[in-house]
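Here's the structure, in C-alpha cells; my notes come after.
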Amino acid sequence: MILPINIYSDDILRKKAKPLKSIDSGVEELIGFMFESMRNASGIGLAAPQVGHSVRLVVLDISCLTHYPDEKPMVVINPHILAVRGYNDMEEGCLSLPGIHGDVERPAALTLKYRNENFEEMTGEFSGMLARVLQHEIDHLNGTLFVDRMEKRDRRKIQKELDALVSGTVQTQYPIVRESLTVLQS
C-alpha cells in the first residue's frame with residue numbers, strides 16, 4: 001500500500017517521535033508500506049513521521065545509487081547516535097519538501113545504536129551516503145528538516161519554494177497529505 005507523504009507545513013514533521021517498545025504485526029505492515037511508499041516516490045530514505053506515524057522508525061535503501069549497488073535495505077528503530085567523525089557538505093532533498101534542494105553540512109561518519117527489523121539491538125559504523133541518509137532520517141524523528149540545517153543565506157534563496165509548499169501550489173508524482181486530505185497529483 002502506498003502511503004501519502006506529509007509535507008513541509010504538516011505539524012507531525014515538527015514533533016519528536018515516540019520510541020517503539022516492540023514489533024508487532026502492525027509495525028511489520030507499516031515497515032512494508034514505508035518501503036513501498038519510499039520506492040514509489042523514488043526516495044532512498046523515509047521516516048515514519050513522514051507518513052503520519054510519530055514513532056522512531058526509519059527505512060532506507062541506497063542500492064539504487066551508482067556507488068552503492070551492494071548496500072542492503074535497512075530498517076532502523078529507536079536510533080541513537082553515539083559518536084560522529086569528520087564533516088562534509090552535500091546537497092540534500094526530501095520527499096516531504098518536493099522539488100527543494102540545498103547544501104547541508106553533516107558529520108561524514110557516525111556510530112549508531114539502533115534496533116533492526118527483528119527488534120535486535122545493533123551498533124554499527126556508517127560513513128558516506130549511508131551516514132548522511134541515516135542522519136537526515138533521524139532528524140525527521142526529532143522534528144528537524146534539512147532546511148533547518150542550511151545556512152541562513154541559502155535558506156533565504158529557497159524561501160519562495162517553501163512558501164509554495166505551504167500554499168499548496170506544488171505538484172508531486174506521489175501522494176501527499178495536505179490539510180488532512182490525501183491528494184494524488186500528476
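As shown in the C-alpha cells, the chain order sets the letters A, B, ...; within each chain, residues go from 1, and ligands are also counted from 1 in the order they appear.
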I'd like the contact shell of region 50-67 of chain A - 10 Å cut-off, only C-alpha atoms, skipping same-chain residues fewer than 5 positions apart - returned as a PyMOL selection string. chain A and resi 2-8+10-13+15-21+27+30-35+37-39+42-45+72-79+94-96+114-117+129-130+133-134+137-138+140-143+176-177+180
Emit the selected residues as a tab-separated table (two decimals), in the first residue's frame, including C-alpha atoms.
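Result went into result_3.tsv, see below:
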chain	number	residue	atom	x	y	z
A	2	ILE	CA	1.31	3.42	-0.96
A	3	LEU	CA	1.07	5.80	1.99
A	4	PRO	CA	0.65	9.54	1.44
A	5	ILE	CA	3.68	11.59	2.44
A	6	ASN	CA	3.32	14.53	4.81
A	7	ILE	CA	4.82	17.75	3.50
A	8	TYR	CA	6.69	20.73	4.91
A	10	ASP	CA	2.41	19.43	8.45
A	11	ASP	CA	2.70	19.58	12.26
A	12	ILE	CA	3.74	15.92	12.62
A	13	LEU	CA	7.05	16.72	10.92
A	15	LYS	CA	7.25	16.71	16.67
A	16	LYS	CA	9.70	14.39	18.38
A	17	ALA	CA	8.62	10.82	17.60
A	18	LYS	CA	7.99	8.26	20.34
A	19	PRO	CA	10.19	5.16	20.76
A	20	LEU	CA	8.82	1.80	19.70
A	21	LYS	CA	8.60	-0.68	22.57
A	27	VAL	CA	4.67	-2.34	12.82
A	30	LEU	CA	3.98	-0.27	8.41
A	31	ILE	CA	7.60	-1.17	7.53
A	32	GLY	CA	6.45	-2.87	4.32
A	33	PHE	CA	4.21	0.07	3.40
A	34	MET	CA	7.04	2.52	4.11
A	35	PHE	CA	9.44	0.70	1.77
A	37	SER	CA	5.91	4.27	-0.48
A	38	MET	CA	9.57	5.32	-0.46
A	39	ARG	CA	10.33	3.42	-3.66
A	42	SER	CA	11.89	7.44	-5.87
A	43	GLY	CA	13.27	8.07	-2.39
A	44	ILE	CA	16.24	6.48	-0.62
A	45	GLY	CA	15.04	7.03	2.96
A	72	LYS	CA	21.16	-3.84	1.66
A	73	PRO	CA	17.90	-2.09	2.61
A	74	MET	CA	17.80	-1.17	6.29
A	75	VAL	CA	15.16	-0.85	8.97
A	76	VAL	CA	16.28	1.38	11.84
A	77	ILE	CA	14.23	1.52	15.03
A	78	ASN	CA	14.90	3.81	18.02
A	79	PRO	CA	18.25	5.08	16.68
A	94	CYS	CA	13.45	15.34	0.89
A	95	LEU	CA	10.21	13.63	-0.06
A	96	SER	CA	8.45	15.97	2.40
A	114	TYR	CA	19.57	1.03	17.00
A	115	ARG	CA	17.21	-1.91	16.71
A	116	ASN	CA	16.72	-3.77	13.44
A	117	GLU	CA	13.52	-5.16	11.89
A	129	MET	CA	26.00	8.34	1.78
A	130	LEU	CA	24.66	5.83	4.29
A	133	VAL	CA	20.82	9.37	4.85
A	134	LEU	CA	20.70	7.98	8.39
A	137	GLU	CA	16.05	10.47	8.59
A	138	ILE	CA	16.96	10.60	12.29
A	140	HIS	CA	12.86	13.62	10.98
A	141	LEU	CA	12.38	11.59	14.17
A	142	ASN	CA	13.46	14.66	16.14
A	143	GLY	CA	11.23	17.15	14.31
A	176	ILE	CA	0.93	13.77	-0.33
A	177	VAL	CA	-1.07	14.87	2.69
A	180	SER	CA	-5.53	16.04	6.35
Could you give me, as a tab-separated table, every region 14-107 of chain A residue with an atom at most 12 Å from region 159-167 of chain A, plus its closest atom pair and distance in Å to one decimal, counting only C-alpha atoms, rows ordered by chain then number?
residue	atom	partner	partner_atom	distance
A:Leu95	CA	A:Leu165	CA	11.9
A:Ser96	CA	A:Leu165	CA	9.4
A:Leu97	CA	A:Leu165	CA	7.4
A:Pro98	CA	A:Leu165	CA	8.2
A:Gly99	CA	A:Glu161	CA	8.1
A:Ile100	CA	A:Glu161	CA	6.9
A:His101	CA	A:Glu161	CA	9.9
A:Gly102	CA	A:Gln159	CA	11.4
Set the distance at 7 Å and use only C-alpha atoms: which residues neighbour Asp103 (chain A) once local chain neighbours fewer than 6 positions away are removed? I'd like the list as a PyMOL selection string. chain A and resi 89-92+150
Gap from CA of Phe119 (chain A) to CA of Asp24 (chain A) - Å, one decimal: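 Interatomic distance, CA of Phe119 (chain A) to CA of Asp24 (chain A): 10.0 Å.
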Output as a VMD selection string all residues of chain A that backbone DSSP marks as alpha helix (DSSP H). chain A and resid 25 to 40 128 to 141 152 to 157 159 to 167
Pick from A:Ile158, A:Ala41, A:Ala108, A:Val147 nearest to Thr172 (chain A), counting only C-alpha atoms: A:Ala41
Identify, with DSSP run on backbone atoms, the residues in region 13-162 of chain A assigned to strand (DSSP E or B), and express the list as a short mmCIF file (atom, residue, chain, number, x, y, z; two decimals) with N, CA and C atoms, in the first residue's frame.
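The result, written out as out39.cif:
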data_model
loop_
_atom_site.label_atom_id
_atom_site.label_comp_id
_atom_site.auth_asym_id
_atom_site.auth_seq_id
_atom_site.Cartn_x
_atom_site.Cartn_y
_atom_site.Cartn_z
N LYS A 18 7.92 9.12 19.16
CA LYS A 18 7.99 8.26 20.34
C LYS A 18 8.74 6.96 20.02
N GLY A 45 15.27 7.11 1.53
CA GLY A 45 15.04 7.03 2.96
C GLY A 45 13.68 7.60 3.30
N LEU A 46 13.08 7.05 4.35
CA LEU A 46 11.76 7.53 4.78
C LEU A 46 11.61 7.28 6.27
N ALA A 47 11.18 8.30 6.99
CA ALA A 47 10.93 8.20 8.43
C ALA A 47 9.42 8.11 8.67
N VAL A 55 6.46 7.65 15.37
CA VAL A 55 7.26 6.64 16.06
C VAL A 55 8.67 6.67 15.48
N LEU A 57 11.02 5.18 13.74
CA LEU A 57 11.20 4.12 12.74
C LEU A 57 11.62 4.75 11.42
N VAL A 58 12.67 4.17 10.82
CA VAL A 58 13.21 4.65 9.55
C VAL A 58 13.43 3.45 8.64
N VAL A 59 13.16 3.63 7.35
CA VAL A 59 13.57 2.65 6.35
C VAL A 59 14.46 3.38 5.35
N LEU A 60 15.44 2.66 4.80
CA LEU A 60 16.28 3.26 3.78
C LEU A 60 16.82 2.18 2.85
N MET A 74 17.71 -1.16 4.83
CA MET A 74 17.80 -1.17 6.29
C MET A 74 16.51 -0.71 6.94
N VAL A 75 16.21 -1.32 8.07
CA VAL A 75 15.16 -0.85 8.97
C VAL A 75 15.89 -0.41 10.24
N VAL A 76 15.62 0.80 10.68
CA VAL A 76 16.28 1.38 11.84
C VAL A 76 15.21 1.83 12.82
N ILE A 77 15.23 1.23 14.01
CA ILE A 77 14.23 1.52 15.03
C ILE A 77 14.94 2.11 16.25
N ASN A 78 14.38 3.17 16.80
CA ASN A 78 14.90 3.81 18.02
C ASN A 78 16.40 4.13 17.91
N PRO A 79 16.82 4.81 16.85
CA PRO A 79 18.25 5.08 16.68
C PRO A 79 18.79 6.09 17.69
N HIS A 80 20.05 5.89 18.03
CA HIS A 80 20.75 6.80 18.93
C HIS A 80 22.18 6.95 18.41
N ILE A 81 22.57 8.16 18.02
CA ILE A 81 23.92 8.42 17.53
C ILE A 81 24.87 8.49 18.72
N LEU A 82 25.87 7.60 18.72
CA LEU A 82 26.83 7.53 19.82
C LEU A 82 28.05 8.43 19.59
N ALA A 83 28.48 8.55 18.34
CA ALA A 83 29.66 9.35 18.03
C ALA A 83 29.61 9.76 16.56
N VAL A 84 30.27 10.88 16.25
CA VAL A 84 30.38 11.35 14.87
C VAL A 84 31.84 11.70 14.58
N ARG A 85 32.21 11.64 13.28
CA ARG A 85 33.58 11.95 12.87
C ARG A 85 33.56 12.71 11.55
N GLY A 86 34.39 13.72 11.45
CA GLY A 86 34.55 14.47 10.21
C GLY A 86 33.29 15.21 9.81
N TYR A 87 33.42 16.05 8.80
CA TYR A 87 32.26 16.79 8.28
C TYR A 87 32.40 16.96 6.79
N ASN A 88 31.26 17.01 6.11
CA ASN A 88 31.26 17.36 4.69
C ASN A 88 29.93 18.00 4.33
N ASP A 89 29.97 18.74 3.23
CA ASP A 89 28.78 19.39 2.68
C ASP A 89 28.26 18.56 1.52
N MET A 90 26.95 18.50 1.40
CA MET A 90 26.35 17.82 0.27
C MET A 90 24.95 18.37 0.06
N GLU A 91 24.51 18.36 -1.18
CA GLU A 91 23.15 18.78 -1.48
C GLU A 91 22.19 17.69 -1.03
N GLU A 92 21.11 18.10 -0.38
CA GLU A 92 20.07 17.16 0.07
C GLU A 92 18.73 17.59 -0.49
N GLY A 93 17.85 16.62 -0.55
CA GLY A 93 16.46 16.84 -0.89
C GLY A 93 15.63 16.00 0.06
N HIS A 101 15.97 21.59 -2.84
CA HIS A 101 17.29 21.04 -2.55
C HIS A 101 18.16 22.12 -1.93
N GLY A 102 19.13 21.69 -1.13
CA GLY A 102 20.05 22.65 -0.54
C GLY A 102 21.23 21.95 0.09
N ASP A 103 22.33 22.69 0.21
CA ASP A 103 23.54 22.15 0.82
C ASP A 103 23.41 22.11 2.34
N VAL A 104 23.85 20.98 2.89
CA VAL A 104 23.80 20.78 4.34
C VAL A 104 25.14 20.18 4.77
N GLU A 105 25.72 20.74 5.84
CA GLU A 105 26.92 20.16 6.42
C GLU A 105 26.49 19.15 7.48
N ARG A 106 27.08 17.95 7.39
CA ARG A 106 26.79 16.89 8.37
C ARG A 106 28.09 16.13 8.66
N PRO A 107 28.11 15.42 9.79
CA PRO A 107 29.24 14.53 10.04
C PRO A 107 29.39 13.51 8.90
N ALA A 108 30.63 13.18 8.55
CA ALA A 108 30.91 12.26 7.45
C ALA A 108 30.75 10.80 7.86
N ALA A 109 30.85 10.54 9.16
CA ALA A 109 30.74 9.16 9.66
C ALA A 109 30.10 9.19 11.04
N LEU A 110 29.50 8.07 11.42
CA LEU A 110 28.86 8.00 12.73
C LEU A 110 28.84 6.59 13.26
N THR A 111 28.73 6.51 14.57
CA THR A 111 28.48 5.24 15.25
C THR A 111 27.04 5.31 15.74
N LEU A 112 26.27 4.29 15.38
CA LEU A 112 24.83 4.30 15.66
C LEU A 112 24.42 3.06 16.42
N LYS A 113 23.64 3.29 17.48
CA LYS A 113 23.00 2.20 18.21
C LYS A 113 21.53 2.24 17.81
N TYR A 114 20.96 1.09 17.47
CA TYR A 114 19.57 1.03 17.00
C TYR A 114 19.05 -0.40 17.12
N ARG A 115 17.80 -0.57 16.80
CA ARG A 115 17.21 -1.91 16.71
C ARG A 115 16.86 -2.16 15.25
N GLU A 121 19.01 -5.43 19.16
CA GLU A 121 19.86 -4.26 19.34
C GLU A 121 21.14 -4.41 18.53
N MET A 122 21.49 -3.35 17.81
CA MET A 122 22.66 -3.35 16.94
C MET A 122 23.48 -2.09 17.21
N THR A 123 24.76 -2.16 16.93
CA THR A 123 25.63 -0.99 16.91
C THR A 123 26.43 -1.09 15.62
N GLY A 124 26.48 0.00 14.88
CA GLY A 124 27.19 -0.03 13.61
C GLY A 124 27.93 1.26 13.33
N GLU A 125 28.94 1.13 12.48
CA GLU A 125 29.72 2.27 11.99
C GLU A 125 29.25 2.55 10.57
N PHE A 126 28.90 3.79 10.27
CA PHE A 126 28.40 4.15 8.95
C PHE A 126 29.13 5.38 8.44
N SER A 127 29.40 5.41 7.15
CA SER A 127 30.06 6.56 6.55
C SER A 127 29.48 6.81 5.16
#
Just to confirm, what's the straight-line distance from CA of Thr144 (chain A) to CA of Pro49 (chain A) in Å (one decimal)?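 Taking CA of Thr144 (chain A) and CA of Pro49 (chain A), their separation equals 11.0 Å.
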Taking only C-alpha atoms into account, name the residue in A:Asp139, A:Gly128, A:Glu36, A:Asp148 that is nearest to Tyr68 (chain A). A:Gly128
